[in-house]
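Trainee: This one is upload_33.txt, compact mmCIF, C-alpha atoms.
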```
# COMPACT_ATOMS: atom_id res chain seq x y z
CA MET A 1 21.81 15.86 -3.94
CA ALA A 2 22.86 13.48 -6.71
CA GLY A 3 21.35 10.06 -6.11
CA SER A 4 22.17 6.68 -7.57
CA ALA A 5 21.15 5.73 -11.10
CA ASN A 6 18.12 3.90 -9.68
CA LEU A 7 16.98 6.91 -7.69
CA ASN A 8 17.32 9.14 -10.75
CA VAL A 9 15.16 6.73 -12.77
CA MET A 10 12.54 6.75 -9.99
CA MET A 11 12.43 10.55 -9.79
CA LYS A 12 12.23 11.01 -13.55
CA THR A 13 9.42 8.44 -13.73
CA ALA A 14 7.46 10.04 -10.87
CA ARG A 15 7.68 13.43 -12.59
CA LYS A 16 6.48 11.99 -15.89
CA ALA A 17 3.48 10.28 -14.24
CA GLY A 18 2.83 13.48 -12.27
CA ARG A 19 2.58 15.54 -15.46
CA VAL A 20 0.03 13.11 -16.91
CA LEU A 21 -2.02 13.16 -13.69
CA LEU A 22 -1.94 16.96 -13.41
CA LYS A 23 -3.60 17.22 -16.83
CA ASP A 24 -6.25 14.73 -15.70
CA PHE A 25 -6.71 16.61 -12.42
CA GLY A 26 -7.55 19.77 -14.36
CA GLU A 27 -10.18 17.73 -16.18
CA VAL A 28 -11.64 16.37 -12.91
CA GLU A 29 -12.21 19.89 -11.70
CA ASN A 30 -14.43 20.41 -14.79
CA LEU A 31 -16.21 17.07 -14.29
CA GLN A 32 -17.06 17.84 -10.66
CA VAL A 33 -20.19 19.74 -11.67
CA SER A 34 -21.64 17.01 -13.92
CA SER A 35 -24.20 14.62 -12.43
CA LYS A 36 -22.35 11.62 -13.84
CA GLY A 37 -19.30 12.62 -11.80
CA PRO A 38 -15.62 11.89 -12.47
CA GLY A 39 -15.43 8.34 -10.98
CA ASP A 40 -14.73 6.31 -14.13
CA PHE A 41 -12.47 9.00 -15.47
CA VAL A 42 -10.31 8.88 -12.32
CA SER A 43 -9.91 5.11 -12.35
CA ARG A 44 -8.78 5.42 -15.99
CA ALA A 45 -6.31 8.16 -14.96
CA ASP A 46 -4.99 5.88 -12.19
CA LYS A 47 -4.47 2.97 -14.61
CA ALA A 48 -2.85 5.22 -17.23
CA ALA A 49 -0.42 6.58 -14.64
CA GLU A 50 0.55 3.06 -13.56
CA ALA A 51 1.08 2.03 -17.20
CA THR A 52 3.39 5.05 -17.70
CA ILE A 53 5.36 4.22 -14.55
CA LYS A 54 5.64 0.53 -15.40
CA GLU A 55 6.83 1.24 -18.92
CA GLU A 56 9.52 3.70 -17.74
CA LEU A 57 10.79 1.49 -14.90
CA MET A 58 10.76 -1.73 -16.91
CA ARG A 59 12.59 -0.06 -19.78
CA ALA A 60 15.29 1.15 -17.39
CA ARG A 61 15.50 -2.09 -15.35
CA PRO A 62 13.97 -4.96 -17.35
CA THR A 63 14.97 -7.65 -14.83
CA TYR A 64 13.29 -6.15 -11.73
CA GLY A 65 9.90 -7.32 -10.44
CA PHE A 66 6.93 -4.95 -10.23
CA LEU A 67 4.16 -4.66 -7.64
CA GLY A 68 1.56 -1.99 -8.38
CA GLU A 69 -1.95 -1.20 -7.24
CA GLU A 70 -3.69 -1.73 -10.57
CA ASP A 71 -2.03 -4.76 -12.18
CA LYS A 72 -1.15 -8.21 -10.90
CA GLU A 73 2.37 -8.60 -9.56
CA LEU A 74 5.13 -9.20 -12.08
CA GLU A 75 7.96 -11.54 -11.10
CA GLY A 76 11.30 -10.25 -12.38
CA ASP A 77 14.26 -12.30 -13.65
CA ASP A 78 16.12 -10.77 -10.71
CA PRO A 79 14.20 -12.21 -7.72
CA THR A 80 15.98 -9.92 -5.23
CA ARG A 81 14.70 -6.60 -6.58
CA ARG A 82 11.23 -5.22 -7.20
CA TRP A 83 9.53 -1.89 -7.68
CA ILE A 84 6.55 -1.16 -5.38
CA VAL A 85 4.34 1.52 -6.89
CA ASP A 86 1.24 3.52 -6.06
CA PRO A 87 0.49 5.53 -9.22
CA LEU A 88 -2.06 7.75 -7.46
CA ASP A 89 -2.19 7.78 -3.68
CA GLY A 90 -5.12 9.90 -2.53
CA THR A 91 -7.58 8.84 -5.24
CA THR A 92 -10.58 10.10 -3.25
CA ASN A 93 -8.97 13.53 -2.92
CA PHE A 94 -8.19 13.53 -6.65
CA LEU A 95 -11.78 12.53 -7.41
CA HIS A 96 -13.12 15.48 -5.39
CA GLY A 97 -10.74 18.03 -6.86
CA LEU A 98 -8.74 18.25 -3.61
CA PRO A 99 -5.11 19.12 -4.43
CA HIS A 100 -3.48 16.58 -2.09
CA TRP A 101 -2.34 13.36 -3.77
CA ALA A 102 0.93 11.80 -4.85
CA VAL A 103 2.86 9.32 -6.96
CA SER A 104 4.80 6.84 -4.82
CA ILE A 105 7.66 4.60 -6.05
CA ALA A 106 9.86 2.37 -3.88
CA LEU A 107 12.66 -0.07 -4.63
CA GLU A 108 12.92 -3.22 -2.55
CA HIS A 109 16.11 -5.28 -2.43
CA LYS A 110 16.15 -8.63 -0.59
CA GLY A 111 13.05 -7.69 1.41
CA GLN A 112 14.40 -4.25 2.47
CA ILE A 113 13.17 -0.94 1.06
CA VAL A 114 16.38 0.72 -0.19
CA ALA A 115 15.01 3.77 -2.00
CA GLY A 116 11.77 5.73 -2.09
CA VAL A 117 10.25 8.64 -3.98
CA ILE A 118 6.97 10.41 -3.16
CA TYR A 119 6.05 13.15 -5.61
CA ASP A 120 3.27 15.70 -5.07
CA PRO A 121 2.76 17.21 -8.55
CA VAL A 122 0.33 19.97 -7.47
CA LYS A 123 2.89 21.49 -5.06
CA ASP A 124 5.89 20.23 -7.09
CA GLU A 125 7.33 18.62 -3.95
CA MET A 126 9.62 15.64 -4.49
CA PHE A 127 10.40 13.72 -1.29
CA TYR A 128 13.08 11.07 -1.74
CA ALA A 129 15.60 8.96 0.12
CA GLU A 130 18.10 6.22 -0.36
CA LYS A 131 19.25 3.94 2.43
CA GLY A 132 22.29 5.52 4.06
CA SER A 133 22.11 8.81 2.14
CA GLY A 134 19.55 10.83 4.11
CA ALA A 135 16.14 12.11 3.06
CA TRP A 136 15.46 15.11 0.85
CA LEU A 137 12.68 17.42 -0.31
CA ASN A 138 13.67 18.88 -3.68
CA GLU A 139 17.14 20.32 -2.84
CA SER A 140 16.76 20.47 0.95
CA ARG A 141 17.78 17.89 3.51
CA LEU A 142 14.86 16.55 5.58
CA ARG A 143 14.77 16.05 9.34
CA VAL A 144 11.91 14.89 11.51
CA SER A 145 10.62 17.46 14.02
CA GLY A 146 12.41 18.11 17.30
CA ARG A 147 9.31 18.25 19.52
CA HIS A 148 9.61 16.35 22.79
CA ARG A 149 6.14 16.58 24.29
CA LEU A 150 2.98 14.87 23.11
CA ILE A 151 0.89 17.90 24.07
CA GLU A 152 2.83 20.05 21.53
CA SER A 153 2.71 17.44 18.77
CA ILE A 154 0.35 16.86 15.87
CA PHE A 155 -0.26 13.46 14.35
CA ALA A 156 -1.73 12.11 11.13
CA THR A 157 -3.84 9.03 10.50
CA GLY A 158 -6.45 7.67 8.11
CA LEU A 159 -10.06 7.27 9.16
CA PRO A 160 -11.65 3.99 8.07
CA PHE A 161 -14.65 4.57 5.81
CA ALA A 162 -17.41 2.65 4.04
CA GLY A 163 -17.81 -0.15 6.56
CA ARG A 164 -14.13 -0.95 7.14
CA SER A 165 -13.69 -3.21 10.17
CA ASP A 166 -10.95 -1.18 11.86
CA LEU A 167 -13.23 1.81 12.59
CA PRO A 168 -13.87 0.93 16.29
CA GLN A 169 -10.11 0.59 16.95
CA THR A 170 -9.41 3.94 15.31
CA MET A 171 -12.16 5.62 17.34
CA GLN A 172 -10.55 4.23 20.51
CA ASP A 173 -7.11 5.45 19.36
CA LEU A 174 -8.53 8.94 18.87
CA ALA A 175 -10.31 8.92 22.22
CA ARG A 176 -6.95 8.26 23.92
CA LEU A 177 -4.74 10.46 21.73
CA LEU A 178 -6.80 13.63 21.19
CA PRO A 179 -6.83 14.73 24.86
CA ALA A 180 -3.05 14.22 25.04
CA CYS A 181 -1.83 15.99 21.88
CA SER A 182 -2.05 19.22 19.90
CA GLY A 183 -4.18 17.76 17.10
CA VAL A 184 -4.78 14.95 14.62
CA ARG A 185 -5.00 15.46 10.85
CA ARG A 186 -6.64 13.28 8.22
CA PHE A 187 -5.45 14.43 4.79
CA GLY A 188 -6.28 11.28 2.84
CA ALA A 189 -2.94 10.17 1.34
CA ALA A 190 -0.79 7.87 3.49
CA SER A 191 2.35 8.39 1.39
CA LEU A 192 2.19 12.15 1.99
CA ASP A 193 1.46 11.60 5.69
CA LEU A 194 4.76 9.71 5.90
CA ALA A 195 6.58 12.33 3.81
CA TYR A 196 5.25 15.04 6.13
CA VAL A 197 6.55 13.20 9.21
CA ALA A 198 9.97 13.08 7.51
CA ALA A 199 9.71 16.83 6.82
CA GLY A 200 8.80 17.63 10.44
CA ARG A 201 5.34 18.89 9.44
CA TYR A 202 3.71 16.13 11.48
CA ASP A 203 5.33 14.65 14.57
CA GLY A 204 3.99 11.15 13.94
CA PHE A 205 1.60 8.96 11.95
CA TRP A 206 -0.23 5.68 12.49
CA GLU A 207 -2.71 3.68 10.45
CA ARG A 208 -4.15 0.19 9.88
CA GLY A 209 -5.49 -1.48 6.75
CA LEU A 210 -2.96 -0.08 4.26
CA HIS A 211 -1.22 -1.80 1.34
CA ALA A 212 2.49 -2.26 0.65
CA TRP A 213 2.35 0.37 -2.12
CA ASP A 214 0.90 3.00 0.27
CA LEU A 215 3.78 2.56 2.70
CA ALA A 216 6.96 1.35 1.00
CA ALA A 217 8.49 4.64 -0.19
CA GLY A 218 7.53 6.51 2.98
CA ILE A 219 9.20 4.01 5.29
CA VAL A 220 12.71 4.65 3.95
CA ILE A 221 12.10 8.42 3.72
CA VAL A 222 11.04 8.68 7.39
CA ARG A 223 13.91 6.48 8.59
CA GLU A 224 16.47 8.44 6.59
CA ALA A 225 15.06 11.67 8.07
CA GLY A 226 15.80 10.31 11.55
CA GLY A 227 12.35 9.00 12.45
CA ILE A 228 11.41 5.68 14.07
CA VAL A 229 9.16 3.41 12.01
CA GLU A 230 7.68 0.23 13.51
CA PRO A 231 4.84 -2.19 12.89
CA LEU A 232 1.77 -1.21 14.91
CA GLN A 233 1.92 -4.64 16.56
CA PRO A 234 5.55 -5.23 17.56
CA GLY A 235 7.25 -8.08 15.74
CA ARG A 236 4.92 -8.04 12.74
CA ASP A 237 5.73 -7.14 9.13
CA ILE A 238 4.69 -3.61 8.13
CA LEU A 239 4.30 -4.26 4.39
CA ALA A 240 2.56 -7.62 4.80
CA ASP A 241 0.16 -6.40 7.53
CA GLY A 242 -0.40 -2.85 6.27
CA GLN A 243 -0.13 -1.44 9.80
CA ILE A 244 2.36 1.22 10.82
CA ILE A 245 3.35 3.67 13.51
CA CYS A 246 6.11 6.25 13.20
CA ALA A 247 7.28 9.44 14.88
CA ASN A 248 10.34 11.45 15.78
CA GLU A 249 12.52 9.79 18.41
CA PRO A 250 11.64 12.00 21.44
CA VAL A 251 7.85 11.41 21.24
CA PHE A 252 7.81 7.92 19.72
CA GLU A 253 7.63 5.94 22.93
CA THR A 254 4.85 7.99 24.56
CA PHE A 255 2.89 8.13 21.30
CA ALA A 256 3.26 4.38 20.68
CA ARG A 257 2.14 3.63 24.26
CA VAL A 258 -1.05 5.62 23.75
CA ILE A 259 -1.89 3.98 20.40
CA ARG A 260 -0.87 0.43 21.32
CA LYS A 261 -3.12 0.34 24.37
CA ALA A 262 -5.86 -0.90 22.02
```
Would you write the structure of this file as structure tokens?

Mentor:
Amino acid sequence: MAGSANLNVMMKTARKAGRVLLKDFGEVENLQVSSKGPGDFVSRADKAAEATIKEELMRARPTYGFLGEEDKELEGDDPTRRWIVDPLDGTTNFLHGLPHWAVSIALEHKGQIVAGVIYDPVKDEMFYAEKGSGAWLNESRLRVSGRHRLIESIFATGLPFAGRSDLPQTMQDLARLLPACSGVRRFGAASLDLAYVAAGRYDGFWERGLHAWDLAAGIVIVREAGGIVEPLQPGRDILADGQIICANEPVFETFARVIRKA
């Protein structure tokens, strides 16, 4: 599928950052055994990836704004457009040598996400979408799953760690959802959780305490694959609040009822 010029820039940039990170990931696997551990190395890899992405995107579109995880936000000359970037989503996985992490790039226009790219370099899977043009994985069109019953469905979420305040809520969510569904997965990269909902691998996903850069690209990809994406608390702003719930259309309502009981 040939995308717009912007989408092509995003995909090329994600691949370039992915190549850099893959080299670093090979290095992390060697560092795993040292007592010092790969922590500092990984945060350097993260920053280097963001610098690569920023340089590529700003060269291609010098007037757009830029919001990334590592640097402070850059206001563009064009106030209506900005890139929203997570150079390495799934840092903890990366740090532990787990091959499940991604580069995520979204384009926002007048407050709406209009294009998104999530690239998993280890598996060479490029998930992408543009508003109105459908969602794709490499050359194949994406559709959310067709499951209708909660008991047949599997869901993804993130589990709060290291003293995060939303742990009790998540435990309550799980207590209600686990008896009613076919399973819950916690793979540790929100962008890929969203991409997997779009690909029909998961039937739905919910999480609290995320950042705009974790979510932006995935939102448009899930919607373009036919999924429903809403704020966890109806009427709120997903990117501002960092809370999300999404699923295929047949299970969305039942799933959302279970989770929103909190």

Trainee: Could you give me, as JSON lines, a per-residue list for region 61-105 of chain A showing, wherever an atom lies at most 10 Å from an atom of region 170-193 of chain A, the closest pair of atoms and their distance in Å to one decimal, using all atoms listed in the file and sorting by chain then residue number from low to high?

Mentor:
```
{"residue": "A:Asp86", "atom": "CA", "partner": "A:Ser191", "partner_atom": "CA", "distance": 9.0}
{"residue": "A:Leu88", "atom": "CA", "partner": "A:Ala189", "partner_atom": "CA", "distance": 9.2}
{"residue": "A:Asp89", "atom": "CA", "partner": "A:Ala189", "partner_atom": "CA", "distance": 5.6}
{"residue": "A:Gly90", "atom": "CA", "partner": "A:Ala189", "partner_atom": "CA", "distance": 4.4}
{"residue": "A:Thr91", "atom": "CA", "partner": "A:Ala189", "partner_atom": "CA", "distance": 8.2}
{"residue": "A:Thr92", "atom": "CA", "partner": "A:Gly188", "partner_atom": "CA", "distance": 7.5}
{"residue": "A:Asn93", "atom": "CA", "partner": "A:Gly188", "partner_atom": "CA", "distance": 6.7}
{"residue": "A:Phe94", "atom": "CA", "partner": "A:Gly188", "partner_atom": "CA", "distance": 9.9}
{"residue": "A:Leu98", "atom": "CA", "partner": "A:Phe187", "partner_atom": "CA", "distance": 9.8}
{"residue": "A:His100", "atom": "CA", "partner": "A:Ala189", "partner_atom": "CA", "distance": 7.3}
{"residue": "A:Trp101", "atom": "CA", "partner": "A:Ala189", "partner_atom": "CA", "distance": 6.1}
{"residue": "A:Ala102", "atom": "CA", "partner": "A:Leu192", "partner_atom": "CA", "distance": 7.0}
{"residue": "A:Val103", "atom": "CA", "partner": "A:Ser191", "partner_atom": "CA", "distance": 8.4}
{"residue": "A:Ser104", "atom": "CA", "partner": "A:Ser191", "partner_atom": "CA", "distance": 6.9}
{"residue": "A:Ile105", "atom": "CA", "partner": "A:Ser191", "partner_atom": "CA", "distance": 9.9}
```

Trainee: Please compute the CA of Arg236 (chain A)-CA of Ser165 (chain A) distance, one decimal, in Å.

Mentor: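 Taking CA of Arg236 (chain A) as the start and CA of Ser165 (chain A) as the end point, the length is 19.4 Å.
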
Trainee: Residues within 7 Å of region 40-52 of chain A, please, as a ChimeraX atom specification. Count all atoms listed in the file; anything in the same chain fewer than 6 positions from it doesn't count.

Mentor: /A:17,20-21,24,70,87-88,95

Trainee: Find the spatial neighbours of Pro250 (chain A), counting all atoms listed in the file, within a cut-off of 12 Å - ignore same-chain residues fewer than 4 positions away - and output them as a PyMOL selection string.

Mentor: chain A and resi 144-150+152-153+203-204+226-228+246+254-256

Trainee: Quick one: residues within 7 Å of Ala129 (chain A), all atoms listed in the file counted, chain neighbours fewer than 4 positions away excluded, as number ranges by chain?

Mentor: A: 115-117, 133-136, 220-221, 224

Trainee: Find the distance between CA of Lys131 (chain A) and CA of His109 (chain A) and write it in Å to one decimal.

Mentor: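 Spanning CA of Lys131 (chain A) to CA of His109 (chain A) is a straight-line distance of 10.9 Å.
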
Trainee: Point out the residue among A:Arg82, A:His96, A:Arg260, A:Lys23 with the least atom-to-atom distance to Met58 (chain A), counting only C-alpha atoms.

Mentor: A:Arg82

Trainee: For Val85 (chain A), which residue out of A:Leu210, A:Ala162, A:Val222, A:Ala217 is the nearest one, using all atoms listed in the file?

Mentor: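 Result for the nearest residue to Val85 (chain A): A:Ala217.
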
Trainee: Excluding same-chain residues fewer than 5 positions from Lys54 (chain A), what lies within 9 Å of it counting all atoms listed in the file, as a list in words?

Mentor: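 Neighbouring residues, sequence-local ones excluded: Thr13, Ala49, Arg59, Phe66, Gly68, Trp83 and Val85 of chain A.
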
Trainee: Expressed in Å to a single decimal, how great is the separation between CA of Gln233 (chain A) and CA of Arg81 (chain A)?

Mentor: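 Atom-to-atom, CA of Gln233 (chain A) and CA of Arg81 (chain A) are spaced 26.5 Å apart.
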
Trainee: Between A:Leu22, A:Glu230, A:Ile259, A:Leu142, which one has atoms that come closest to Gln169 (chain A), using only C-alpha atoms?

Mentor: A:Ile259

Trainee: Tell me which protein, DNA and RNA residues are within 7 Å of Trp206 (chain A), counting only C-alpha atoms, leaving out same-chain ones fewer than 5 positions away, and put them as number ranges by chain.

Mentor: A: 156-157, 244-246

Trainee: Could you please give me, as an MDAnalysis selection string, the residues of protein, DNA or RNA lying at most 8 Å from (5.7, 15.7, -9.9) in the coordinate frame of the file, considering all atoms listed in the file?

Mentor: chainID A and resid 14:19 102:103 119:122 124:126

Trainee: Please produce a file of the residues just selected, as a PDB file, in the coordinates of the input, where the atoms kept are C-alpha atoms.

Mentor:
```pdb
ATOM      1  CA  ALA A  14       7.460  10.040 -10.870  1.00  0.00           C
ATOM      2  CA  ARG A  15       7.680  13.430 -12.590  1.00  0.00           C
ATOM      3  CA  LYS A  16       6.480  11.990 -15.890  1.00  0.00           C
ATOM      4  CA  ALA A  17       3.480  10.280 -14.240  1.00  0.00           C
ATOM      5  CA  GLY A  18       2.830  13.480 -12.270  1.00  0.00           C
ATOM      6  CA  ARG A  19       2.580  15.540 -15.460  1.00  0.00           C
ATOM      7  CA  ALA A 102       0.930  11.800  -4.850  1.00  0.00           C
ATOM      8  CA  VAL A 103       2.860   9.320  -6.960  1.00  0.00           C
ATOM      9  CA  TYR A 119       6.050  13.150  -5.610  1.00  0.00           C
ATOM     10  CA  ASP A 120       3.270  15.700  -5.070  1.00  0.00           C
ATOM     11  CA  PRO A 121       2.760  17.210  -8.550  1.00  0.00           C
ATOM     12  CA  VAL A 122       0.330  19.970  -7.470  1.00  0.00           C
ATOM     13  CA  ASP A 124       5.890  20.230  -7.090  1.00  0.00           C
ATOM     14  CA  GLU A 125       7.330  18.620  -3.950  1.00  0.00           C
ATOM     15  CA  MET A 126       9.620  15.640  -4.490  1.00  0.00           C
TER      16      MET A 126
END
```
